[in-house]
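> For reference, this is entry25.cif, and it has mmCIF, C-alpha atoms.
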data_work
loop_
_atom_site.label_atom_id
_atom_site.label_comp_id
_atom_site.auth_asym_id
_atom_site.auth_seq_id
_atom_site.Cartn_x
_atom_site.Cartn_y
_atom_site.Cartn_z
CA MET P 1 82.71 23.33 194.60
CA ALA P 2 80.27 26.00 195.11
CA ARG P 3 83.04 28.55 195.34
CA GLU P 4 84.65 27.25 192.26
CA GLY P 5 81.40 27.51 190.34
CA ARG P 6 80.90 31.03 191.54
CA GLY P 7 84.40 31.90 190.67
CA ALA P 8 83.94 30.39 187.32
CA LYS P 9 80.79 32.31 186.89
CA TRP P 10 82.52 35.47 187.84
CA GLY P 11 85.36 34.65 185.62
CA GLY P 12 83.00 34.03 182.79
CA HIS P 13 81.26 37.25 183.55
CA GLY P 14 84.55 39.07 183.58
CA LEU P 15 85.45 37.76 180.20
CA GLY P 16 82.10 38.70 178.74
CA SER P 17 82.31 42.20 180.12
CA GLY P 18 85.80 42.74 178.74
CA SER P 19 84.71 41.64 175.28
CA GLY P 20 81.83 44.13 175.15
CA SER P 21 84.02 47.06 176.17
CA GLY P 22 86.55 46.35 173.38
CA SER P 23 83.79 46.35 170.71
CA GLY P 24 82.48 49.78 171.78
CA SER P 25 85.95 51.31 171.70
CA GLY P 26 86.50 50.11 168.05
CA GLN P 27 83.23 51.61 166.86
CA CYS P 28 84.13 54.94 168.43
CA SER P 29 87.51 54.98 166.59
CA TYR P 30 85.87 54.32 163.19
CA LYS P 31 83.43 57.24 163.65
CA ARG P 32 86.21 59.60 164.57
CA ILE P 33 88.25 58.66 161.52
CA THR P 34 85.21 59.09 159.27
CA VAL P 35 84.46 62.51 160.74
CA ILE P 36 88.06 63.59 160.33
CA VAL P 37 88.23 62.41 156.70
CA CYS P 38 84.93 64.15 155.87
CA SER P 39 86.14 67.32 157.56
CA VAL P 40 89.38 67.26 155.58
CA ASN P 41 87.43 66.70 152.35
CA ILE P 42 85.15 69.63 153.13
CA VAL P 43 88.13 71.88 153.87
CA ILE P 44 89.79 70.85 150.59
CA ALA P 45 86.57 71.43 148.67
CA LEU P 46 86.18 74.89 150.23
CA TYR P 47 89.78 75.73 149.37
CA VAL P 48 89.31 74.64 145.76
CA LEU P 49 86.12 76.68 145.43
CA HIS P 50 87.86 79.69 146.93
CA SER P 51 90.77 79.35 144.49
CA LEU P 52 88.43 79.07 141.48
CA TYR P 53 86.43 82.10 142.54
CA SER P 54 89.58 84.15 143.12
CA SER P 55 91.03 83.26 139.68
CA LEU P 56 87.77 84.13 137.93
CA TYR P 57 87.67 87.48 139.70
CA ILE P 58 91.28 88.25 138.77
CA TYR P 59 90.77 87.30 135.08
CA SER P 60 87.60 89.33 134.85
CA ASN P 61 89.44 92.38 136.19
CA LYS P 62 92.29 91.81 133.74
CA ASP P 63 89.88 91.55 130.80
CA HIS P 64 88.26 94.77 131.91
CA ASP P 65 91.64 96.49 132.13
CA VAL P 66 92.63 95.18 128.68
CA ALA P 67 89.37 96.43 127.19
CA MET P 68 89.89 99.84 128.76
CA ARG P 69 93.49 99.96 127.56
CA THR P 70 92.51 98.86 124.03
CA SER P 71 89.85 101.55 123.81
CA ASP P 72 92.27 104.23 124.99
CA HIS P 73 94.92 102.97 122.59
CA ILE P 74 92.50 103.14 119.63
CA LYS P 75 91.59 106.71 120.53
CA GLN P 76 95.28 107.64 120.69
CA MET P 77 95.92 106.00 117.29
CA GLU P 78 93.01 107.86 115.69
CA GLU P 79 94.26 111.14 117.13
CA SER P 80 97.76 110.38 115.85
CA VAL P 81 96.44 109.65 112.34
CA ARG P 82 94.40 112.87 112.36
CA ILE P 83 97.43 114.94 113.41
CA ARG P 84 99.66 113.27 110.82
CA ARG P 85 97.18 113.91 108.02
CA ALA P 86 96.75 117.52 109.09
CA SER P 87 100.53 118.07 108.99
CA GLU P 88 101.12 116.13 105.77
CA PRO P 89 103.01 118.21 103.11
CA ILE P 90 100.52 117.83 100.29
CA GLU P 91 102.54 119.81 97.75
CA LEU P 92 105.64 117.75 98.50
CA VAL P 93 103.70 114.51 98.06
CA LYS P 94 102.39 115.72 94.70
CA LEU P 95 105.92 116.67 93.64
CA VAL P 96 107.24 113.23 94.61
CA LYS P 97 104.45 111.58 92.59
CA ARG P 98 105.31 113.69 89.56
CA LEU P 99 108.99 112.80 89.94
CA LYS P 100 108.14 109.12 90.21
CA HIS P 101 106.02 109.42 87.08
CA GLY P 102 108.90 111.15 85.29
CA PHE P 103 111.35 108.45 86.37
CA SER P 104 108.97 105.73 85.25
CA SER P 105 108.65 107.47 81.86
CA GLU P 106 112.43 107.62 81.54
CA GLU P 107 112.70 103.96 82.54
CA SER P 108 110.08 102.99 79.99
CA MET P 109 111.96 105.03 77.38
CA ALA P 110 115.18 103.22 78.30
CA GLU P 111 113.42 99.86 78.09
CA ALA P 112 111.95 100.80 74.69
CA GLU P 113 115.23 101.97 73.18
CA LEU P 114 115.10 101.98 69.38
CA PRO P 115 118.05 100.89 67.24
CA GLN P 116 119.79 103.68 65.37
CA ALA P 117 118.75 102.17 62.05
CA VAL P 118 115.06 102.52 63.02
CA LYS P 119 115.62 106.15 64.05
CA ASN P 120 117.21 106.83 60.69
CA LYS P 121 114.22 105.27 58.90
CA ILE P 122 111.85 107.44 60.93
CA THR P 123 113.85 110.57 60.14
CA ASP P 124 113.95 109.82 56.41
CA GLU P 125 110.22 109.07 56.26
CA ILE P 126 109.29 112.30 58.05
CA LEU P 127 111.62 114.40 55.89
CA GLN P 128 110.25 112.80 52.73
CA ARG P 129 106.70 113.64 53.78
CA LEU P 130 107.57 117.21 54.77
CA ARG P 131 109.36 118.06 51.52
CA SER P 132 106.13 118.18 49.54
CA LEU P 133 104.17 120.25 52.09
CA ARG P 134 103.71 123.91 52.84
CA PRO P 135 105.16 125.11 56.17
CA ASN P 136 101.79 125.64 57.82
CA ALA P 137 100.79 122.02 57.11
CA SER P 138 103.82 120.38 58.74
CA VAL P 139 102.29 119.83 62.18
CA LYS P 140 99.28 117.99 60.82
CA ALA P 141 101.40 115.97 58.41
CA VAL P 142 103.76 114.75 61.12
CA GLU P 143 100.86 113.82 63.39
CA THR P 144 99.20 111.93 60.52
CA TRP P 145 102.46 110.06 59.86
CA ARG P 146 102.73 109.21 63.55
CA ASN P 147 99.20 107.74 63.67
CA GLU P 148 99.80 105.71 60.52
CA LYS P 149 103.14 104.40 61.78
CA LEU P 150 101.61 103.56 65.18
CA LYS P 151 98.84 101.58 63.52
CA GLU P 152 101.38 99.75 61.36
CA ALA P 153 103.60 98.93 64.36
CA LYS P 154 100.65 97.67 66.45
CA ASN P 155 99.57 95.41 63.61
CA LEU P 156 103.06 93.90 63.39
CA ALA P 157 103.39 93.57 67.18
CA LEU P 158 100.12 91.61 67.32
CA GLY P 159 101.33 89.17 64.67
CA GLY P 160 99.81 90.74 61.57
CA GLU P 161 101.29 90.50 58.09
CA ARG P 162 104.12 92.84 57.14
CA LEU P 163 102.85 93.60 53.60
CA ASP P 164 104.93 96.61 52.45
CA SER P 165 106.11 97.62 55.94
CA THR P 166 109.76 98.56 56.38
CA LEU P 167 109.71 97.53 60.07
CA LEU P 168 110.88 94.25 61.50
CA ARG P 169 108.50 92.40 63.79
CA GLU P 170 110.92 92.53 66.74
CA GLU P 171 111.21 96.33 66.37
CA ALA P 172 107.46 96.96 66.33
CA GLY P 173 106.84 96.51 70.07
CA ASN P 174 109.39 99.12 71.14
CA LEU P 175 108.24 101.53 68.43
CA VAL P 176 104.65 101.32 69.75
CA LYS P 177 105.83 102.27 73.26
CA VAL P 178 107.90 105.19 71.98
CA LEU P 179 105.23 106.60 69.66
CA GLU P 180 102.55 106.36 72.36
CA SER P 181 104.33 107.67 75.47
CA ASN P 182 107.72 109.12 74.48
CA TRP P 183 107.09 110.85 71.16
CA ALA P 184 108.39 114.20 72.42
CA ALA P 185 111.68 112.65 73.57
CA LEU P 186 112.09 110.80 70.27
CA SER P 187 111.40 113.99 68.30
CA GLU P 188 114.09 115.81 70.25
CA GLU P 189 116.52 112.94 69.77
CA ILE P 190 116.16 112.81 65.97
CA GLY P 191 116.33 116.61 65.72
CA LEU P 192 112.66 117.18 64.81
CA TRP P 193 111.22 120.43 66.09
CA ILE P 194 107.93 121.88 64.86
CA PRO P 195 106.34 124.94 66.52
CA SER P 196 102.89 124.37 67.96
CA GLU P 197 101.60 127.41 66.10
CA ILE P 198 102.81 129.13 62.93
CA LYS P 199 101.66 132.71 62.81
CA ASN P 200 102.97 133.60 59.35
CA GLN P 201 100.82 132.03 56.65
CA GLU P 202 103.11 133.27 53.87
CA HIS P 203 106.74 134.24 53.64
CA ASN P 204 105.97 137.81 52.52
CA ASP P 205 103.63 138.81 55.37
CA LYS P 206 106.43 140.35 57.48
CA PRO P 207 105.36 143.42 59.52
CA GLU P 208 106.40 146.70 57.93
CA ASP P 209 108.44 147.91 60.94
CA VAL P 210 110.76 144.86 60.90
CA GLU P 211 113.90 145.02 58.78
CA ASP P 212 114.97 142.22 56.50
CA THR P 213 117.79 140.22 57.96
CA ASP P 214 119.49 136.93 57.35
CA ASP P 215 121.31 137.10 60.66
CA PRO P 216 121.12 133.62 62.28
CA GLU P 217 121.75 135.06 65.75
CA GLN P 218 118.17 136.35 65.82
CA ILE P 219 116.84 132.89 66.65
CA LEU P 220 119.11 132.39 69.66
CA ALA P 221 117.75 133.01 73.13
CA GLY P 222 118.93 136.17 74.90
CA ARG P 223 120.63 139.19 73.41
CA PRO P 224 122.22 138.71 69.98
CA PRO P 225 125.97 138.08 69.90
CA LEU P 226 128.29 140.78 68.65
CA GLN P 227 129.31 140.75 65.01
CA GLU P 228 132.90 140.00 66.01
CA CYS P 229 131.68 136.75 67.61
CA ARG P 230 131.19 135.31 64.09
CA THR P 231 128.36 133.09 65.30
CA GLU P 232 127.77 129.80 63.46
CA LEU P 233 124.66 127.77 64.26
CA HIS P 234 124.78 123.95 64.40
CA THR P 235 128.57 124.02 64.59
CA ASP P 236 131.08 122.39 66.93
CA TYR P 237 134.74 123.50 66.73
CA ASP P 238 137.70 121.59 68.08
CA GLY P 239 140.55 123.13 70.10
CA ASP P 240 142.56 123.12 73.32
CA CYS P 241 140.40 123.90 76.33
CA VAL P 242 140.99 127.28 77.94
CA ARG P 243 137.93 127.19 80.20
CA TRP P 244 136.21 123.91 81.15
CA GLY P 245 132.60 124.14 80.02
CA LEU P 246 131.09 121.58 82.44
CA THR P 247 131.48 124.12 85.24
CA HIS P 248 131.28 127.27 83.13
CA HIS P 249 127.68 128.21 82.28
CA LYS P 250 126.43 131.37 80.61
CA GLU P 251 122.88 132.68 80.10
CA SER P 252 123.24 133.13 76.33
CA ALA P 253 125.52 132.63 73.36
CA ALA P 254 126.35 136.34 73.48
CA ASP P 255 127.56 135.99 77.09
CA CYS P 256 129.68 132.97 76.13
CA CYS P 257 131.30 134.90 73.29
CA GLN P 258 131.91 137.84 75.62
CA ALA P 259 133.62 135.50 78.11
CA CYS P 260 135.96 134.40 75.32
CA LEU P 261 136.77 138.01 74.41
CA ASP P 262 137.39 138.91 78.06
CA GLN P 263 139.69 135.92 78.60
CA ALA P 264 141.72 136.80 75.53
CA LYS P 265 142.20 140.36 76.77
CA ALA P 266 143.11 139.31 80.33
CA ALA P 267 145.46 136.47 79.37
CA LYS P 268 149.03 136.86 80.57
CA PRO P 269 152.05 136.53 78.28
CA GLY P 270 152.63 132.86 77.47
CA GLU P 271 149.05 131.87 78.27
CA LYS P 272 146.66 130.57 75.62
CA LYS P 273 144.15 133.18 74.50
CA CYS P 274 140.61 132.13 73.74
CA ASN P 275 139.76 132.36 70.05
CA ILE P 276 136.95 129.73 69.90
CA TRP P 277 133.75 129.68 71.90
CA VAL P 278 131.29 126.77 71.85
CA TYR P 279 127.85 127.11 73.50
CA CYS P 280 124.96 124.70 74.19
CA PRO P 281 121.60 126.48 73.58
CA SER P 282 119.38 123.38 73.84
CA GLU P 283 117.35 123.02 77.06
CA THR P 284 117.64 119.23 76.83
CA GLY P 285 121.43 119.32 76.55
CA CYS P 286 123.84 118.83 73.65
CA TYR P 287 125.39 115.68 72.22
CA SER P 288 129.14 115.24 72.12
CA PRO P 289 131.20 112.11 71.37
CA ASP P 290 133.01 112.27 74.73
CA LYS P 291 132.05 110.56 77.99
CA TYR P 292 130.40 113.61 79.59
CA GLU P 293 126.73 114.61 79.71
CA HIS P 294 126.60 118.14 78.37
CA LYS P 295 123.84 120.38 79.71
CA HIS P 296 122.07 123.56 78.71
CA MET P 297 124.15 126.81 78.83
CA GLU P 298 127.56 125.13 78.86
CA CYS P 299 130.19 127.56 77.55
CA TRP P 300 133.48 126.10 76.36
CA LEU P 301 136.40 128.45 75.70
CA LYS P 302 139.07 127.00 73.40
CA TYR P 303 142.24 127.90 71.56
CA SER P 304 143.61 126.64 68.27
CA GLU P 305 146.15 128.09 65.87
CA LYS P 306 144.18 126.63 62.97
CA PRO P 307 140.56 126.12 64.10
CA SER P 308 139.04 122.95 62.70
CA LEU P 309 135.48 121.62 62.78
CA ASN P 310 134.30 118.64 64.77
CA PHE P 311 130.83 118.67 63.19
CA LYS P 312 128.78 121.07 61.09
CA ASP P 313 124.99 121.21 60.42
CA ARG P 314 124.19 117.45 60.47
CA TYR P 315 125.97 114.44 61.90
CA PRO P 316 127.03 112.09 59.07
CA GLU P 317 124.79 109.09 58.55
CA GLY P 318 127.68 106.68 58.95
CA TYR P 319 128.60 108.29 62.25
CA ARG P 320 125.00 108.01 63.49
CA ASN P 321 124.89 104.33 62.55
CA SER P 322 128.07 103.54 64.49
CA HIS P 323 127.22 105.54 67.64
CA ARG P 324 124.24 105.42 69.99
CA ASN P 325 121.86 108.32 70.68
CA VAL P 326 123.31 110.63 68.03
CA PRO P 327 120.81 113.29 66.85
CA VAL P 328 120.47 114.34 63.24
CA ILE P 329 121.24 118.04 63.73
CA VAL P 330 124.36 119.36 65.48
CA PRO P 331 122.99 121.25 68.54
CA TRP P 332 126.04 123.42 69.35
CA VAL P 333 126.58 127.10 68.48
CA SER P 334 130.17 128.22 67.94
CA GLY P 335 132.30 131.08 66.78
CA VAL P 336 135.92 131.80 65.88
CA ILE P 337 137.07 135.27 66.92
CA SER P 338 140.10 137.22 65.88
CA VAL P 339 142.64 137.66 68.68
#
As structure tokens, how would this structure be written, given the file I've shared?

Amino acid sequence: MAREGRGAKWGGHGLGSGSGSGSGSGQCSYKRITVIVCSVNIVIALYVLHSLYSSLYIYSNKDHDVAMRTSDHIKQMEESVRIRRASEPIELVKLVKRLKHGFSSEESMAEAELPQAVKNKITDEILQRLRSLRPNASVKAVETWRNEKLKEAKNLALGGERLDSTLLREEAGNLVKVLESNWAALSEEIGLWIPSEIKNQEHNDKPEDVEDTDDPEQILAGRPPLQECRTELHTDYDGDCVRWGLTHHKESAADCCQACLDQAKAAKPGEKKCNIWVYCPSETGCYSPDKYEHKHMECWLKYSEKPSLNFKDRYPEGYRNSHRNVPVIVPWVSGVISV
């Protein structure tokens, strides 16, 4: 019994000892796990901090590089602008601006095109005013008429009453534009030419060393044509073309006539010999009822068995009313020579 009690006591002691050892081993495992987890967390935190610091350093370097590049780029741009301005063709730029201004003036003239009936009214009014004046008062009279007509047209364009005006309200706007900015072109178109200065105050104040002459060739530019040229101002003759004038230019009417004489002498048997020459003396070109644009110094050589006139002195009023852009005065100079 005693042995059994001792054994039981030992057995009980053995069980108690085993239970205590198991509890200590569990506590040790929990501490290790906690230490490991904390260590892992610290490593992760250090890695995150390292990554953030590295990215900030990289971005700061990039911003510095961008700032440096931007500054250098601005300096290069300023230098490029300075070089471009220094090499800029100033005269060419001014010429282009003048050409643009000229084109805009032509466009405005085209937009403000006047009907032929209005041009005829303007021509008649100016002629009526000039008939009662002395020659040296013509410039002032035309300018006075222009100012009065401009005032009348502005009044109509703004909705004023017509009173005794001969203008229609829808015509007034275009007339204002033409009288203000394109008066010179309109004057040329209707055949009005007045010298800016008239030296002779009277018709009988001719210098003593100048002979009297009624020769119309004296007013043509260049040397006077020969007498055999039979020059006729403001005249356009018809005929078969011997030399195409669009590509045949001469410096003066005398040169054009001489070209006709030379062609007639050099013509071979059976060829047409020039007996009509037609020349354009106007710097702004000459009107013709064909489809071409005739320019200054055109020289047409023609032939006709019986020369006939296209136009002489003035274009007929009916013709001007039925055709656009027809001037009052025939601009051509012609002559019929004897072959």
> I'd like to know which of P:Ile190, P:His234, P:Glu79, P:Trp300 is closest to Ile126 (chain P), using all atoms listed in the file.
P:Ile190
> Please evaluate the PyMOL selection byres ((chain P and resi 284) around 9) against the structure above and give the resulting residues as a list in words.
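Selected by the PyMOL selection byres ((chain P and resi 284) around 9) here: Glu188, Pro281, Ser282, Glu283, Gly285, Cys286, Lys295 and His296 of chain P.
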> Let me know the residues the PyMOL selection byres ((chain P and resi 253) around 12) catches in the file above, as an NGL selection string.
:P and (216-226 or 229-233 or 249-252 or 254-260 or 277-282 or 296-301 or 332-335)
> When the PyMOL selection byres ((chain P and resi 179) around 12) is applied to the structure above, which residues does it catch, written out as a ChimeraX atom specification?
/P:108-109,112-114,119,122,142-143,145-154,172-178,180-187
> Show which residues sit within 9 Å of region 269-274 of chain P, as a PyMOL selection string. Count all atoms listed in the file, and ignore same-chain residues fewer than 2 positions away.
chain P and resi 240-243+259-267+276-277+301-304+337+339
> Suppose you want the space between CA of Tyr237 (chain P) and CA of Tyr287 (chain P); what is it in Å?
13.4 Å
> So the first atom is CA of Arg32 (chain P) and the second is CA of His50 (chain P); what is the distance between them in Å, to one decimal place?
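Between CA of Arg32 (chain P) and CA of His50 (chain P) the gap works out to 26.8 Å.
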> Distance CA of Leu156 (chain P)-CA of Glu171 (chain P), one decimal place?
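Between CA of Leu156 (chain P) and CA of Glu171 (chain P) the gap works out to 9.0 Å.
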> Return the single residue from P:Tyr47, P:Glu228, P:Ala117, P:Gln128 that is closest to Ser322 (chain P), with distances computed using all atoms listed in the file.
P:Ala117
